[in-house]
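Trainee: I'd like to ask you about the structure that follows.
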Amino acid sequence: MVSAVVFGYHNVGVRCLSVLLAQKIEVKLVVTHSDDEDENIWFDSVSNLASLHGIPVVTPDSPNTEDMIMRLRSLNPDFIFSFYYRQILSVPVLETARRGCYNMHGSLLPHYRGRAPVNWALVHGESQTGATLHEMVRTPDAGDIVGDMAVPILPNDTASDVFSKVLVAAELVLCRTLPEIVSGTVVARKMDLRSGSYFGGRKPQDGLIDWKTMGAQQIHNLVRAVTHPYPGAFMDTERGRIIIWRTLVVVDSPNSTAQPSLRQERGRLLATACDGGVLRIVHAELEGRVLDQGTFMRIFGSSYPLP
């Protein structure tokens with residue numbers, strides 16, 4: 001029987017581990033992360049799935065210690081798979097797999113290598129992304145590609161919407177490619193890193209809306225990139241922090257004479273950006289309370305100029 005060690009986390013980890021089990025791969029060990037109590041854990045548990053199937057689970061602070069490498073050598077797996085595991089695996093770890101190491105990444109590589117690929121794709125207003133299965137090498141997200149699948153990003157899709165599509169694409173790519181990996185017939189193609197991009201992780205403060213420089217479409221893209229289950233796009237006022245959870249672009253034609261502002265108009269809360277574009281604020285909160293039209297009028301009046 002073909003064997004593997006899986007490094008995995010998040011929903012992609014759960015679904016891809018499920019694919020390995022469905023295709024009768026002997027998973028000798030699952031390496032995952034302990035959930036961070038300060039993080040919003042909205043996704044499924046790789047650890048729970050592994051335990052359900054009687055697979056040993058470990059959650060080391062680092063996967064690259066000598067003890068971990070010795071354990072992997074003793075298991076002597078045919079393959080190592082990484083499915084949304086958050087740490088880089090060292091070359092000595094990769095060398096413990098006899099037949100190869102593969103990683104599932106949530107973008108169409110070489111674009112959006114690195115962390116938070118779905119969120120970054122939305123921030124930049126991309127119309128598609130996808131899932132890519134590739135060989136693991138010393139440099140992260142740089143090995144030869146063995147399978148990928150594109151998914152569309154619609155104009156009002158949120159990060160959660162897109163991640164759901166990427167999740168299905170990842171499962172389909174692995175289902176299609178795994179038999180060829182096991183049989184040794186998979187065809188890989190080189191990744192041209194020069195045509196791609198690399199991005200680091202995102203932090204809650206990256207959701208700050210800069211009304212002086214960001215046009216309506218840019219703000220809309222940021223809002224949908226960091227809305228629930230992420231911390232949200234925000235602005236600070238003298239009355240507290242406003243988090244904007246959902247917007248729609250009403251007018252996207254530039255008007256350089258416009259002054260950024262929030263206003264209540266005919267029962268709708270609207271925002272004018274610095275380029276003259278107008279957004280409808282569908283859902284926002286002020287210090288944790290819903291900011292509807294009535295609350296806005298009571299606190300800010302009919303209009304509020306933005307810095």
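Residue numbering restarts at 1 for every chain of the structure tokens, chains are lettered A, B, ... in their displayed order, and ligands are numbered from 1 as they appear.
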Find the spatial neighbours of Thr96 in chain A, counting only C-alpha atoms, within a cut-off of 8 Å - ignore same-chain residues fewer than 4 positions away - and output them as a PyMOL selection string.
Mentor: chain A and resi 69+72-73+76-77+92
Trainee: Since we have the selection now, will you write its residues out, keeping all heavy atoms, as a PDB file, in the first residue's frame?
Mentor:
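The new file out37.pdb reads:
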ATOM      1  N   ILE A  69      12.187  15.070  12.366  1.00  0.00           N
ATOM      2  CA  ILE A  69      12.822  14.455  11.200  1.00  0.00           C
ATOM      3  C   ILE A  69      13.096  12.970  11.459  1.00  0.00           C
ATOM      4  O   ILE A  69      12.857  12.120  10.578  1.00  0.00           O
ATOM      5  CB  ILE A  69      14.115  15.213  10.840  1.00  0.00           C
ATOM      6  CG1 ILE A  69      13.773  16.626  10.350  1.00  0.00           C
ATOM      7  CG2 ILE A  69      14.912  14.463   9.766  1.00  0.00           C
ATOM      8  CD1 ILE A  69      14.966  17.544  10.255  1.00  0.00           C
ATOM      9  N   LEU A  72       9.857  11.062  11.117  1.00  0.00           N
ATOM     10  CA  LEU A  72       9.467  10.900   9.721  1.00  0.00           C
ATOM     11  C   LEU A  72      10.324   9.830   9.042  1.00  0.00           C
ATOM     12  O   LEU A  72       9.804   9.015   8.254  1.00  0.00           O
ATOM     13  CB  LEU A  72       9.599  12.228   8.985  1.00  0.00           C
ATOM     14  CG  LEU A  72       8.630  13.338   9.430  1.00  0.00           C
ATOM     15  CD1 LEU A  72       8.975  14.643   8.741  1.00  0.00           C
ATOM     16  CD2 LEU A  72       7.187  12.953   9.143  1.00  0.00           C
ATOM     17  N   ARG A  73      11.602   9.816   9.340  1.00  0.00           N
ATOM     18  CA  ARG A  73      12.470   8.788   8.755  1.00  0.00           C
ATOM     19  C   ARG A  73      12.036   7.393   9.184  1.00  0.00           C
ATOM     20  O   ARG A  73      12.058   6.442   8.390  1.00  0.00           O
ATOM     21  CB  ARG A  73      13.916   9.045   9.171  1.00  0.00           C
ATOM     22  CG  ARG A  73      14.572  10.222   8.442  1.00  0.00           C
ATOM     23  CD  ARG A  73      15.939  10.498   9.005  1.00  0.00           C
ATOM     24  NE  ARG A  73      16.579  11.638   8.330  1.00  0.00           N
ATOM     25  CZ  ARG A  73      17.611  12.324   8.828  1.00  0.00           C
ATOM     26  NH1 ARG A  73      18.113  11.989  10.024  1.00  0.00           N
ATOM     27  NH2 ARG A  73      18.107  13.331   8.152  1.00  0.00           N
ATOM     28  N   ASN A  76       9.147   6.340   7.098  1.00  0.00           N
ATOM     29  CA  ASN A  76       9.566   6.009   5.732  1.00  0.00           C
ATOM     30  C   ASN A  76       8.403   6.132   4.730  1.00  0.00           C
ATOM     31  O   ASN A  76       8.104   5.195   3.978  1.00  0.00           O
ATOM     32  CB  ASN A  76      10.145   4.587   5.688  1.00  0.00           C
ATOM     33  CG  ASN A  76      10.912   4.327   4.408  1.00  0.00           C
ATOM     34  OD1 ASN A  76      11.496   5.237   3.810  1.00  0.00           O
ATOM     35  ND2 ASN A  76      10.914   3.078   3.961  1.00  0.00           N
ATOM     36  N   PRO A  77       7.741   7.304   4.667  1.00  0.00           N
ATOM     37  CA  PRO A  77       6.570   7.429   3.788  1.00  0.00           C
ATOM     38  C   PRO A  77       6.974   7.498   2.316  1.00  0.00           C
ATOM     39  O   PRO A  77       8.065   7.971   1.970  1.00  0.00           O
ATOM     40  CB  PRO A  77       5.951   8.753   4.231  1.00  0.00           C
ATOM     41  CG  PRO A  77       7.121   9.559   4.713  1.00  0.00           C
ATOM     42  CD  PRO A  77       8.029   8.565   5.387  1.00  0.00           C
ATOM     43  N   PRO A  92      15.502  18.784   4.869  1.00  0.00           N
ATOM     44  CA  PRO A  92      15.599  17.475   5.536  1.00  0.00           C
ATOM     45  C   PRO A  92      14.245  16.807   5.760  1.00  0.00           C
ATOM     46  O   PRO A  92      14.143  15.571   5.687  1.00  0.00           O
ATOM     47  CB  PRO A  92      16.289  17.807   6.861  1.00  0.00           C
ATOM     48  CG  PRO A  92      17.112  19.018   6.557  1.00  0.00           C
ATOM     49  CD  PRO A  92      16.269  19.813   5.612  1.00  0.00           C
TER      50      PRO A  92
END
Trainee: Counting only C-alpha atoms, which residues in range 133-223 of chain A sit no more than 9 Å from range 5-16 of chain A? For each one, give the nearest pair of atoms and the distance in Å, sorted by chain then residue number, as a Markdown table.
Mentor:
| residue | atom | partner | partner_atom | distance |
| --- | --- | --- | --- | --- |
| A:Val166 | CA | A:Val12 | CA | 8.5 |
| A:Leu167 | CA | A:Val12 | CA | 5.7 |
| A:Val168 | CA | A:Arg15 | CA | 8.5 |
| A:Ala170 | CA | A:Val12 | CA | 7.1 |
| A:Glu171 | CA | A:Cys16 | CA | 5.8 |
| A:Leu174 | CA | A:Cys16 | CA | 7.0 |
| A:Cys175 | CA | A:Cys16 | CA | 8.6 |
Trainee: From the options A:Val146, A:Met68, A:Ile299, A:Ile153, which residue's atoms come nearest to Thr185 in chain A, counting only C-alpha atoms?
Mentor: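 Nearest candidate to Thr185 in chain A out of A:Val146, A:Met68, A:Ile299, A:Ile153: A:Val146.
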Trainee: Which residues are near range 110-120 of chain A? Cut-off 7 Å, only C-alpha atoms, ignore same chain within fewer than 5 positions. Put them as a ChimeraX atom specification.
Mentor: /A:141,159,162-163,191-193,195-202,225-226
Trainee: Would you return as a PyMOL selection string the members of range 23-158 of chain A that DSSP assigns to strand (DSSP E) on this structure's backbone?
Mentor: chain A and resi 26-31+57-58+79-83+100-105+113-114+128-135+145-152
Trainee: With N, CA, C and O atoms retained, export the selected residues as a tab-separated table (two decimals), in the first residue's frame.
Mentor:
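Result saved to out-v5.tsv:
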chain	number	residue	atom	x	y	z
A	26	GLU	N	-2.37	5.03	2.61
A	26	GLU	CA	-2.12	4.78	4.03
A	26	GLU	C	-1.48	6.03	4.64
A	26	GLU	O	-0.30	6.30	4.42
A	27	VAL	N	-2.25	6.77	5.38
A	27	VAL	CA	-1.73	7.98	6.03
A	27	VAL	C	-1.17	7.59	7.39
A	27	VAL	O	-1.91	7.24	8.30
A	28	LYS	N	0.14	7.65	7.51
A	28	LYS	CA	0.80	7.16	8.72
A	28	LYS	C	0.83	8.20	9.84
A	28	LYS	O	0.93	7.84	11.02
A	29	LEU	N	0.73	9.47	9.46
A	29	LEU	CA	0.81	10.54	10.47
A	29	LEU	C	0.21	11.80	9.87
A	29	LEU	O	0.41	12.09	8.69
A	30	VAL	N	-0.50	12.54	10.71
A	30	VAL	CA	-0.98	13.87	10.34
A	30	VAL	C	-0.31	14.89	11.25
A	30	VAL	O	-0.34	14.75	12.48
A	31	VAL	N	0.30	15.88	10.64
A	31	VAL	CA	0.94	16.99	11.37
A	31	VAL	C	0.08	18.22	11.13
A	31	VAL	O	-0.14	18.62	9.98
A	57	VAL	N	-1.87	11.94	15.35
A	57	VAL	CA	-1.83	13.39	15.09
A	57	VAL	C	-0.80	14.03	16.01
A	57	VAL	O	-0.77	13.73	17.21
A	58	VAL	N	0.02	14.92	15.45
A	58	VAL	CA	0.95	15.71	16.26
A	58	VAL	C	0.80	17.18	15.88
A	58	VAL	O	0.44	17.50	14.75
A	79	PHE	N	5.20	9.38	0.24
A	79	PHE	CA	4.94	10.78	-0.12
A	79	PHE	C	4.71	11.63	1.13
A	79	PHE	O	4.26	11.14	2.16
A	80	ILE	N	5.02	12.91	0.98
A	80	ILE	CA	4.59	13.93	1.93
A	80	ILE	C	3.65	14.87	1.17
A	80	ILE	O	3.95	15.29	0.05
A	81	PHE	N	2.50	15.16	1.79
A	81	PHE	CA	1.56	16.13	1.23
A	81	PHE	C	1.37	17.27	2.22
A	81	PHE	O	1.25	17.05	3.43
A	82	SER	N	1.32	18.48	1.70
A	82	SER	CA	1.04	19.66	2.52
A	82	SER	C	-0.21	20.32	1.99
A	82	SER	O	-0.27	20.74	0.83
A	83	PHE	N	-1.23	20.41	2.84
A	83	PHE	CA	-2.51	20.98	2.46
A	83	PHE	C	-2.84	22.14	3.41
A	83	PHE	O	-3.41	21.93	4.48
A	100	GLY	N	8.34	11.56	-3.26
A	100	GLY	CA	8.01	12.94	-3.63
A	100	GLY	C	7.18	13.66	-2.60
A	100	GLY	O	6.59	13.04	-1.70
A	101	CYS	N	7.15	14.98	-2.75
A	101	CYS	CA	6.42	15.85	-1.82
A	101	CYS	C	5.59	16.83	-2.64
A	101	CYS	O	6.09	17.44	-3.60
A	102	TYR	N	4.33	17.02	-2.22
A	102	TYR	CA	3.42	17.85	-2.99
A	102	TYR	C	2.64	18.79	-2.07
A	102	TYR	O	2.22	18.40	-0.98
A	103	ASN	N	2.41	20.01	-2.57
A	103	ASN	CA	1.70	21.02	-1.81
A	103	ASN	C	0.50	21.52	-2.61
A	103	ASN	O	0.59	21.69	-3.83
A	104	MET	N	-0.62	21.74	-1.93
A	104	MET	CA	-1.79	22.34	-2.56
A	104	MET	C	-1.85	23.81	-2.18
A	104	MET	O	-1.88	24.16	-1.00
A	105	HIS	N	-1.86	24.68	-3.20
A	105	HIS	CA	-1.84	26.12	-2.96
A	105	HIS	C	-3.12	26.75	-3.52
A	105	HIS	O	-3.61	26.36	-4.58
A	113	ARG	N	1.85	33.55	-4.98
A	113	ARG	CA	2.61	32.68	-4.10
A	113	ARG	C	2.61	33.30	-2.71
A	113	ARG	O	2.39	34.49	-2.54
A	114	GLY	N	2.87	32.47	-1.68
A	114	GLY	CA	2.95	32.99	-0.32
A	114	GLY	C	1.64	32.84	0.43
A	114	GLY	O	0.85	31.92	0.20
A	128	GLN	N	-10.28	35.91	-11.58
A	128	GLN	CA	-10.19	34.46	-11.38
A	128	GLN	C	-9.02	34.14	-10.47
A	128	GLN	O	-8.08	34.92	-10.32
A	129	THR	N	-9.12	32.98	-9.87
A	129	THR	CA	-8.01	32.40	-9.11
A	129	THR	C	-8.16	30.89	-9.26
A	129	THR	O	-8.74	30.43	-10.24
A	130	GLY	N	-7.67	30.11	-8.32
A	130	GLY	CA	-7.81	28.67	-8.45
A	130	GLY	C	-7.03	27.91	-7.41
A	130	GLY	O	-6.66	28.46	-6.36
A	131	ALA	N	-6.77	26.66	-7.70
A	131	ALA	CA	-5.97	25.79	-6.82
A	131	ALA	C	-4.90	25.13	-7.67
A	131	ALA	O	-5.15	24.74	-8.81
A	132	THR	N	-3.71	25.00	-7.08
A	132	THR	CA	-2.57	24.42	-7.80
A	132	THR	C	-1.88	23.39	-6.92
A	132	THR	O	-1.55	23.66	-5.76
A	133	LEU	N	-1.64	22.20	-7.47
A	133	LEU	CA	-0.87	21.16	-6.81
A	133	LEU	C	0.52	21.15	-7.44
A	133	LEU	O	0.65	21.06	-8.66
A	134	HIS	N	1.54	21.27	-6.59
A	134	HIS	CA	2.90	21.37	-7.13
A	134	HIS	C	3.89	20.62	-6.25
A	134	HIS	O	3.62	20.34	-5.08
A	135	GLU	N	5.02	20.31	-6.84
A	135	GLU	CA	6.09	19.67	-6.09
A	135	GLU	C	6.70	20.65	-5.10
A	135	GLU	O	6.79	21.85	-5.37
A	145	ILE	N	4.59	22.25	-11.39
A	145	ILE	CA	3.15	22.12	-11.25
A	145	ILE	C	2.69	20.79	-11.85
A	145	ILE	O	3.06	20.43	-12.96
A	146	VAL	N	1.87	20.06	-11.09
A	146	VAL	CA	1.34	18.79	-11.59
A	146	VAL	C	-0.17	18.83	-11.82
A	146	VAL	O	-0.74	17.91	-12.41
A	147	GLY	N	-0.83	19.88	-11.37
A	147	GLY	CA	-2.26	20.00	-11.61
A	147	GLY	C	-2.79	21.33	-11.12
A	147	GLY	O	-2.30	21.86	-10.12
A	148	ASP	N	-3.76	21.88	-11.82
A	148	ASP	CA	-4.40	23.12	-11.35
A	148	ASP	C	-5.79	23.24	-11.94
A	148	ASP	O	-6.16	22.52	-12.88
A	149	MET	N	-6.56	24.14	-11.37
A	149	MET	CA	-7.93	24.40	-11.85
A	149	MET	C	-8.29	25.83	-11.51
A	149	MET	O	-8.07	26.29	-10.38
A	150	ALA	N	-8.84	26.54	-12.49
A	150	ALA	CA	-9.25	27.93	-12.30
A	150	ALA	C	-10.69	28.00	-11.81
A	150	ALA	O	-11.52	27.13	-12.14
A	151	VAL	N	-10.98	29.04	-11.02
A	151	VAL	CA	-12.36	29.34	-10.61
A	151	VAL	C	-12.59	30.83	-10.82
A	151	VAL	O	-11.67	31.64	-10.72
A	152	PRO	N	-13.83	31.24	-11.13
A	152	PRO	CA	-14.10	32.66	-11.35
A	152	PRO	C	-14.26	33.42	-10.05
A	152	PRO	O	-14.69	32.86	-9.03
